file query_22.pdb (PDB, C-alpha atoms)
ATOM      1  CA  MET A   1      83.372  75.839-126.615  1.00  0.00           C
ATOM      2  CA  THR A   2      80.895  74.918-123.887  1.00  0.00           C
ATOM      3  CA  GLU A   3      78.280  72.365-124.914  1.00  0.00           C
ATOM      4  CA  ARG A   4      74.760  73.748-124.878  1.00  0.00           C
ATOM      5  CA  SER A   5      72.343  72.298-122.371  1.00  0.00           C
ATOM      6  CA  TRP A   6      68.579  72.237-122.156  1.00  0.00           C
ATOM      7  CA  GLY A   7      66.792  71.816-118.856  1.00  0.00           C
ATOM      8  CA  GLY A   8      70.157  71.108-117.245  1.00  0.00           C
ATOM      9  CA  THR A   9      70.856  68.168-119.607  1.00  0.00           C
ATOM     10  CA  LYS A  10      73.537  68.286-122.288  1.00  0.00           C
ATOM     11  CA  LEU A  11      72.737  67.402-125.886  1.00  0.00           C
ATOM     12  CA  ALA A  12      75.077  64.382-125.890  1.00  0.00           C
ATOM     13  CA  ASP A  13      73.391  63.022-122.763  1.00  0.00           C
ATOM     14  CA  ARG A  14      69.914  63.442-124.244  1.00  0.00           C
ATOM     15  CA  ARG A  15      71.027  61.746-127.441  1.00  0.00           C
ATOM     16  CA  ALA A  16      72.538  58.853-125.481  1.00  0.00           C
ATOM     17  CA  ALA A  17      69.326  58.508-123.456  1.00  0.00           C
ATOM     18  CA  ARG A  18      67.234  58.407-126.639  1.00  0.00           C
ATOM     19  CA  ARG A  19      69.531  55.752-128.089  1.00  0.00           C
ATOM     20  CA  GLU A  20      69.146  53.586-124.980  1.00  0.00           C
ATOM     21  CA  THR A  21      65.367  53.988-125.115  1.00  0.00           C
ATOM     22  CA  LEU A  22      65.320  52.824-128.748  1.00  0.00           C
ATOM     23  CA  LEU A  23      67.536  49.860-127.869  1.00  0.00           C
ATOM     24  CA  ASP A  24      65.299  48.913-124.926  1.00  0.00           C
ATOM     25  CA  VAL A  25      62.219  48.950-127.159  1.00  0.00           C
ATOM     26  CA  ALA A  26      63.888  46.960-129.951  1.00  0.00           C
ATOM     27  CA  GLU A  27      65.180  44.390-127.468  1.00  0.00           C
ATOM     28  CA  ARG A  28      61.747  43.925-125.934  1.00  0.00           C
ATOM     29  CA  LEU A  29      59.873  43.771-129.242  1.00  0.00           C
ATOM     30  CA  ALA A  30      62.337  41.313-130.788  1.00  0.00           C
ATOM     31  CA  GLY A  31      62.364  39.130-127.689  1.00  0.00           C
ATOM     32  CA  GLU A  32      58.616  39.129-127.086  1.00  0.00           C
ATOM     33  CA  GLU A  33      57.144  39.333-130.600  1.00  0.00           C
ATOM     34  CA  GLY A  34      60.023  38.380-132.886  1.00  0.00           C
ATOM     35  CA  CYS A  35      62.339  40.412-135.098  1.00  0.00           C
ATOM     36  CA  ALA A  36      59.578  40.960-137.665  1.00  0.00           C
ATOM     37  CA  ALA A  37      57.919  43.251-135.118  1.00  0.00           C
ATOM     38  CA  VAL A  38      60.939  45.550-135.110  1.00  0.00           C
ATOM     39  CA  THR A  39      60.488  48.330-137.655  1.00  0.00           C
ATOM     40  CA  VAL A  40      61.478  51.979-137.568  1.00  0.00           C
ATOM     41  CA  ARG A  41      57.814  52.926-137.200  1.00  0.00           C
ATOM     42  CA  SER A  42      56.982  50.426-134.440  1.00  0.00           C
ATOM     43  CA  VAL A  43      60.069  51.269-132.412  1.00  0.00           C
ATOM     44  CA  CYS A  44      59.530  55.025-132.702  1.00  0.00           C
ATOM     45  CA  ARG A  45      55.902  54.615-131.706  1.00  0.00           C
ATOM     46  CA  GLU A  46      56.762  52.550-128.622  1.00  0.00           C
ATOM     47  CA  ALA A  47      59.617  54.871-127.682  1.00  0.00           C
ATOM     48  CA  ARG A  48      57.484  57.971-128.328  1.00  0.00           C
ATOM     49  CA  LEU A  49      60.192  59.445-130.514  1.00  0.00           C
ATOM     50  CA  THR A  50      60.095  60.730-134.080  1.00  0.00           C
ATOM     51  CA  ASP A  51      62.092  59.057-136.840  1.00  0.00           C
ATOM     52  CA  ARG A  52      64.385  62.075-136.807  1.00  0.00           C
ATOM     53  CA  TYR A  53      65.635  60.942-133.424  1.00  0.00           C
ATOM     54  CA  PHE A  54      65.850  57.359-134.642  1.00  0.00           C
ATOM     55  CA  TYR A  55      68.201  58.274-137.478  1.00  0.00           C
ATOM     56  CA  GLU A  56      70.468  60.359-135.284  1.00  0.00           C
ATOM     57  CA  SER A  57      71.623  57.070-133.706  1.00  0.00           C
ATOM     58  CA  PHE A  58      70.929  54.293-136.237  1.00  0.00           C
ATOM     59  CA  ALA A  59      71.257  53.955-140.006  1.00  0.00           C
ATOM     60  CA  GLY A  60      68.146  51.807-140.202  1.00  0.00           C
ATOM     61  CA  ARG A  61      66.185  48.918-138.742  1.00  0.00           C
ATOM     62  CA  ASP A  62      68.962  46.340-139.164  1.00  0.00           C
ATOM     63  CA  ASP A  63      71.496  48.615-137.492  1.00  0.00           C
ATOM     64  CA  LEU A  64      69.226  48.974-134.459  1.00  0.00           C
ATOM     65  CA  LEU A  65      68.474  45.259-134.300  1.00  0.00           C
ATOM     66  CA  LEU A  66      72.156  44.346-134.440  1.00  0.00           C
ATOM     67  CA  ALA A  67      72.977  46.858-131.712  1.00  0.00           C
ATOM     68  CA  ALA A  68      70.256  45.405-129.463  1.00  0.00           C
ATOM     69  CA  PHE A  69      71.499  41.863-130.130  1.00  0.00           C
ATOM     70  CA  GLU A  70      75.106  42.790-129.443  1.00  0.00           C
ATOM     71  CA  ARG A  71      74.147  44.547-126.220  1.00  0.00           C
ATOM     72  CA  VAL A  72      72.583  41.327-124.911  1.00  0.00           C
ATOM     73  CA  ALA A  73      75.571  39.291-126.149  1.00  0.00           C
ATOM     74  CA  ASP A  74      77.891  41.668-124.277  1.00  0.00           C
ATOM     75  CA  GLU A  75      75.833  41.174-121.119  1.00  0.00           C
ATOM     76  CA  ALA A  76      76.180  37.408-121.507  1.00  0.00           C
ATOM     77  CA  ARG A  77      79.931  37.626-122.088  1.00  0.00           C
ATOM     78  CA  SER A  78      80.455  39.915-119.087  1.00  0.00           C
ATOM     79  CA  ALA A  79      78.346  37.668-116.851  1.00  0.00           C
ATOM     80  CA  LEU A  80      80.319  34.578-117.855  1.00  0.00           C
ATOM     81  CA  GLU A  81      83.702  36.299-117.544  1.00  0.00           C
ATOM     82  CA  GLY A  82      82.813  37.375-114.031  1.00  0.00           C
ATOM     83  CA  ALA A  83      81.756  33.844-113.130  1.00  0.00           C
ATOM     84  CA  VAL A  84      84.898  32.025-114.280  1.00  0.00           C
ATOM     85  CA  ALA A  85      87.501  33.930-112.300  1.00  0.00           C
ATOM     86  CA  THR A  86      87.600  31.859-109.114  1.00  0.00           C
ATOM     87  CA  GLY A  87      89.984  29.074-110.174  1.00  0.00           C
ATOM     88  CA  CYS A  88      87.695  26.405-108.694  1.00  0.00           C
ATOM     89  CA  PRO A  89      85.994  24.270-111.401  1.00  0.00           C
ATOM     90  CA  GLN A  90      82.982  23.373-109.258  1.00  0.00           C
ATOM     91  CA  ARG A  91      82.384  26.958-108.169  1.00  0.00           C
ATOM     92  CA  GLU A  92      82.990  28.287-111.688  1.00  0.00           C
ATOM     93  CA  ALA A  93      80.555  25.823-113.271  1.00  0.00           C
ATOM     94  CA  ARG A  94      77.734  26.745-110.914  1.00  0.00           C
ATOM     95  CA  ALA A  95      78.498  30.460-111.125  1.00  0.00           C
ATOM     96  CA  ALA A  96      78.656  30.410-114.940  1.00  0.00           C
ATOM     97  CA  VAL A  97      75.372  28.542-115.331  1.00  0.00           C
ATOM     98  CA  SER A  98      73.671  30.710-112.700  1.00  0.00           C
ATOM     99  CA  ALA A  99      74.888  33.879-114.434  1.00  0.00           C
ATOM    100  CA  PHE A 100      73.617  32.718-117.812  1.00  0.00           C
ATOM    101  CA  VAL A 101      70.310  31.541-116.340  1.00  0.00           C
ATOM    102  CA  ALA A 102      69.825  34.927-114.688  1.00  0.00           C
ATOM    103  CA  LEU A 103      70.278  36.612-118.048  1.00  0.00           C
ATOM    104  CA  VAL A 104      68.374  34.388-120.481  1.00  0.00           C
ATOM    105  CA  LEU A 105      65.704  32.788-118.289  1.00  0.00           C
ATOM    106  CA  ASP A 106      64.967  35.484-115.724  1.00  0.00           C
ATOM    107  CA  ALA A 107      64.750  37.965-118.630  1.00  0.00           C
ATOM    108  CA  PRO A 108      63.320  35.631-121.309  1.00  0.00           C
ATOM    109  CA  HIS A 109      63.025  38.350-123.947  1.00  0.00           C
ATOM    110  CA  LYS A 110      66.819  38.650-123.815  1.00  0.00           C
ATOM    111  CA  GLY A 111      67.201  34.900-124.045  1.00  0.00           C
ATOM    112  CA  ARG A 112      64.928  34.712-127.074  1.00  0.00           C
ATOM    113  CA  LEU A 113      66.746  37.557-128.805  1.00  0.00           C
ATOM    114  CA  LEU A 114      70.128  35.950-128.157  1.00  0.00           C
ATOM    115  CA  LEU A 115      69.291  32.294-128.786  1.00  0.00           C
ATOM    116  CA  LEU A 116      66.130  32.019-130.910  1.00  0.00           C
ATOM    117  CA  GLU A 117      65.838  35.049-133.158  1.00  0.00           C
ATOM    118  CA  PRO A 118      69.140  34.438-135.018  1.00  0.00           C
ATOM    119  CA  PHE A 119      67.382  31.432-136.582  1.00  0.00           C
ATOM    120  CA  ALA A 120      64.541  33.652-137.806  1.00  0.00           C
ATOM    121  CA  ASP A 121      66.457  36.725-138.941  1.00  0.00           C
ATOM    122  CA  PRO A 122      69.380  36.372-141.409  1.00  0.00           C
ATOM    123  CA  VAL A 123      71.022  39.590-140.208  1.00  0.00           C
ATOM    124  CA  LEU A 124      71.158  38.313-136.630  1.00  0.00           C
ATOM    125  CA  GLY A 125      72.086  34.832-137.824  1.00  0.00           C
ATOM    126  CA  ALA A 126      75.185  36.114-139.581  1.00  0.00           C
ATOM    127  CA  ARG A 127      76.247  38.199-136.570  1.00  0.00           C
ATOM    128  CA  SER A 128      75.596  35.292-134.190  1.00  0.00           C
ATOM    129  CA  HIS A 129      78.086  33.153-136.102  1.00  0.00           C
ATOM    130  CA  LEU A 130      80.666  35.932-135.932  1.00  0.00           C
ATOM    131  CA  LEU A 131      80.191  36.265-132.162  1.00  0.00           C
ATOM    132  CA  MET A 132      80.438  32.525-131.464  1.00  0.00           C
ATOM    133  CA  PRO A 133      84.268  32.585-131.038  1.00  0.00           C
ATOM    134  CA  VAL A 134      83.863  35.041-128.150  1.00  0.00           C
ATOM    135  CA  PHE A 135      82.081  32.335-126.166  1.00  0.00           C
ATOM    136  CA  THR A 136      83.994  29.299-127.430  1.00  0.00           C
ATOM    137  CA  ASP A 137      87.316  31.019-126.640  1.00  0.00           C
ATOM    138  CA  LEU A 138      86.069  31.807-123.143  1.00  0.00           C
ATOM    139  CA  VAL A 139      85.055  28.185-122.575  1.00  0.00           C
ATOM    140  CA  GLY A 140      88.163  26.849-124.316  1.00  0.00           C
ATOM    141  CA  GLY A 141      90.305  28.705-121.825  1.00  0.00           C
ATOM    142  CA  ARG A 142      88.825  26.574-119.058  1.00  0.00           C
ATOM    143  CA  LEU A 143      89.694  23.387-120.990  1.00  0.00           C
ATOM    144  CA  ALA A 144      93.409  24.080-121.114  1.00  0.00           C
ATOM    145  CA  GLY A 145      94.342  20.539-120.081  1.00  0.00           C
ATOM    146  CA  THR A 146      92.327  18.806-122.791  1.00  0.00           C
ATOM    147  CA  GLY A 147      94.394  17.422-125.663  1.00  0.00           C
ATOM    148  CA  ASP A 148      95.803  19.777-128.263  1.00  0.00           C
ATOM    149  CA  ASP A 149      94.384  23.058-129.552  1.00  0.00           C
ATOM    150  CA  ILE A 150      92.062  21.330-132.026  1.00  0.00           C
ATOM    151  CA  ASP A 151      90.663  19.086-129.278  1.00  0.00           C
ATOM    152  CA  ARG A 152      90.007  22.129-127.090  1.00  0.00           C
ATOM    153  CA  ARG A 153      88.296  24.031-129.903  1.00  0.00           C
ATOM    154  CA  LEU A 154      86.100  21.055-130.762  1.00  0.00           C
ATOM    155  CA  ALA A 155      85.181  20.503-127.112  1.00  0.00           C
ATOM    156  CA  ALA A 156      84.423  24.209-126.586  1.00  0.00           C
ATOM    157  CA  HIS A 157      82.161  24.366-129.641  1.00  0.00           C
ATOM    158  CA  ALA A 158      80.355  21.205-128.574  1.00  0.00           C
ATOM    159  CA  LEU A 159      79.795  22.491-125.040  1.00  0.00           C
ATOM    160  CA  VAL A 160      78.686  25.996-126.055  1.00  0.00           C
ATOM    161  CA  GLY A 161      76.423  24.626-128.789  1.00  0.00           C
ATOM    162  CA  GLY A 162      74.905  22.010-126.505  1.00  0.00           C
ATOM    163  CA  LEU A 163      74.192  24.465-123.700  1.00  0.00           C
ATOM    164  CA  ALA A 164      72.744  27.041-126.107  1.00  0.00           C
ATOM    165  CA  ASN A 165      70.466  24.377-127.580  1.00  0.00           C
ATOM    166  CA  LEU A 166      69.239  23.340-124.134  1.00  0.00           C
ATOM    167  CA  PHE A 167      68.380  26.919-123.154  1.00  0.00           C
ATOM    168  CA  ALA A 168      66.831  27.596-126.564  1.00  0.00           C
ATOM    169  CA  GLY A 169      64.649  24.501-126.269  1.00  0.00           C
ATOM    170  CA  TRP A 170      63.468  25.558-122.828  1.00  0.00           C
ATOM    171  CA  LEU A 171      62.679  29.097-123.988  1.00  0.00           C
ATOM    172  CA  HIS A 172      60.899  27.803-127.101  1.00  0.00           C
ATOM    173  CA  GLY A 173      58.832  25.363-125.049  1.00  0.00           C
ATOM    174  CA  THR A 174      60.045  22.265-126.897  1.00  0.00           C
ATOM    175  CA  LEU A 175      62.081  21.152-123.864  1.00  0.00           C
ATOM    176  CA  ASP A 176      59.445  20.823-121.158  1.00  0.00           C
ATOM    177  CA  VAL A 177      61.464  20.175-118.018  1.00  0.00           C
ATOM    178  CA  PRO A 178      61.541  21.935-114.636  1.00  0.00           C
ATOM    179  CA  ARG A 179      63.870  24.885-114.661  1.00  0.00           C
ATOM    180  CA  GLU A 180      65.855  23.618-111.672  1.00  0.00           C
ATOM    181  CA  ARG A 181      66.502  20.314-113.477  1.00  0.00           C
ATOM    182  CA  LEU A 182      67.684  22.201-116.547  1.00  0.00           C
ATOM    183  CA  GLU A 183      70.064  24.291-114.482  1.00  0.00           C
ATOM    184  CA  ALA A 184      71.415  21.257-112.602  1.00  0.00           C
ATOM    185  CA  HIS A 185      71.974  19.355-115.844  1.00  0.00           C
ATOM    186  CA  CYS A 186      73.875  22.278-117.375  1.00  0.00           C
ATOM    187  CA  VAL A 187      76.107  22.454-114.302  1.00  0.00           C
ATOM    188  CA  GLU A 188      76.843  18.731-114.684  1.00  0.00           C
ATOM    189  CA  LEU A 189      77.790  19.199-118.342  1.00  0.00           C
ATOM    190  CA  VAL A 190      80.160  22.066-117.548  1.00  0.00           C
ATOM    191  CA  LEU A 191      81.664  20.189-114.603  1.00  0.00           C
ATOM    192  CA  ALA A 192      82.213  17.079-116.708  1.00  0.00           C
ATOM    193  CA  ALA A 193      84.087  19.094-119.336  1.00  0.00           C
ATOM    194  CA  THR A 194      86.193  21.165-116.932  1.00  0.00           C
ATOM    195  CA  THR A 195      86.935  18.255-114.555  1.00  0.00           C
ATOM    196  CA  SER A 196      88.077  16.141-117.489  1.00  0.00           C
ATOM    197  CA  ALA A 197      90.321  18.984-118.619  1.00  0.00           C
ATOM    198  CA  SER A 198      91.773  19.358-115.138  1.00  0.00           C
ATOM    199  CA  ALA A 199      92.461  15.641-114.773  1.00  0.00           C
ATOM    200  CA  SER A 200      94.124  15.327-118.186  1.00  0.00           C
ATOM    201  CA  GLY A 201      96.380  18.274-117.400  1.00  0.00           C
ATOM    202  CA  LYS A 202      97.886  16.652-114.329  1.00  0.00           C
TER
END

call {"tool": "encode", "arguments": {"input": "query_22.pdb", "output": "structure tokens"}}
result
Amino acid sequence: MTERSWGGTKLADRRAARRETLLDVAERLAGEEGCAAVTVRSVCREARLTDRYFYESFAGRDDLLLAAFERVADEARSALEGAVATGCPQREARAAVSAFVALVLDAPHKGRLLLLEPFADPVLGARSHLLMPVFTDLVGGRLAGTGDDIDRRLAAHALVGGLANLFAGWLHGTLDVPRERLEAHCVELVLAATTSASASGK
């Protein structure tokens, strides 16, 4: 059976476009005004869609908020995976930090949603903890020469947590340092960890 279309656009495509619009609005509201600003009513109003269209894609407010959060987390993971494929620690460190900076500082609403709002919203907080292994495993893979598996896991958690705290402090305004100094310091931290791993693996 051929799928019906309207104005040359298929129903599935229109539904997908509406879903992306709702996600864009939720991401912006959560990142700029905080998760408390994300409600079914506020998102529908900003998106210029009725709640009927909201519920065709999401079970409720929390479902939308989690989907927006996970979309940003996926962007971060993809950016970091693309940066750490060169095999050169120095190049990887700079590429990884630059990729993360481009995501969370050049688009600060994404950075706030990813790094700050999990502390304010219990739903995001719980999901953030579940997603942490995605990033610590990625970093741990670059520390393959560091001690045993426990050492690598501890080092990866320390590095990911430290970097996240630095970016969160900068976004929150509690870490008042020039952006270029922040970026350079993060590169040094990553280089110190990966260079140490490389040396110990020789």

call {"tool": "closest_residue", "arguments": {"input": "query_22.pdb", "among": "A:Gln90, A:Thr50, A:Leu130, A:Asp13", "to": "Glu188 (chain A)", "atoms": "only C-alpha atoms"}}
result
A:Gln90

call {"tool": "residues_around", "arguments": {"input": "query_22.pdb", "residues": "Leu80 (chain A)", "least_positions_apart": "6", "cutoff": "9 Å", "atoms": "all atoms listed in the file", "output": "count of residues only"}}
result
7

call {"tool": "closest_residue", "arguments": {"input": "query_22.pdb", "among": "A:Leu103, A:Ile150, A:Val40, A:Leu171", "to": "Ala73 (chain A)", "atoms": "only C-alpha atoms"}}
result
A:Leu103

call {"tool": "atom_distance", "arguments": {"input": "query_22.pdb", "atom1": "CA of Val134 (chain A)", "atom2": "CA of Glu20 (chain A)"}}
result
23.9 Å

call {"tool": "resolve_selection", "arguments": {"input": "query_22.pdb", "expression": "the PyMOL selection byres ((chain A and resi 162-166) around 9)", "output": "PyMOL selection string"}}
result
chain A and resi 115+157-161+167-171+175+182+186+189-190

call {"tool": "atom_distance", "arguments": {"input": "query_22.pdb", "atom1": "CA of Ala26 (chain A)", "atom2": "CA of Ala76 (chain A)"}}
result
17.7 Å

call {"tool": "residues_around", "arguments": {"input": "query_22.pdb", "residues": "Arg52 (chain A)", "least_positions_apart": "5", "cutoff": "12 Å", "atoms": "only C-alpha atoms", "output": "list in words"}}
result
Arg15, Arg18, Arg19, Val40, Arg41, Cys44, Ser57, Phe58, Ala59 and Gly60 of chain A

call {"tool": "atom_distance", "arguments": {"input": "query_22.pdb", "atom1": "CA of Leu22 (chain A)", "atom2": "CA of Phe54 (chain A)"}}
result
7.5 Å

call {"tool": "closest_residue", "arguments": {"input": "query_22.pdb", "among": "A:Ala192, A:Val72, A:Val187, A:Val25", "to": "Pro108 (chain A)", "atoms": "all atoms listed in the file"}}
result
A:Val72
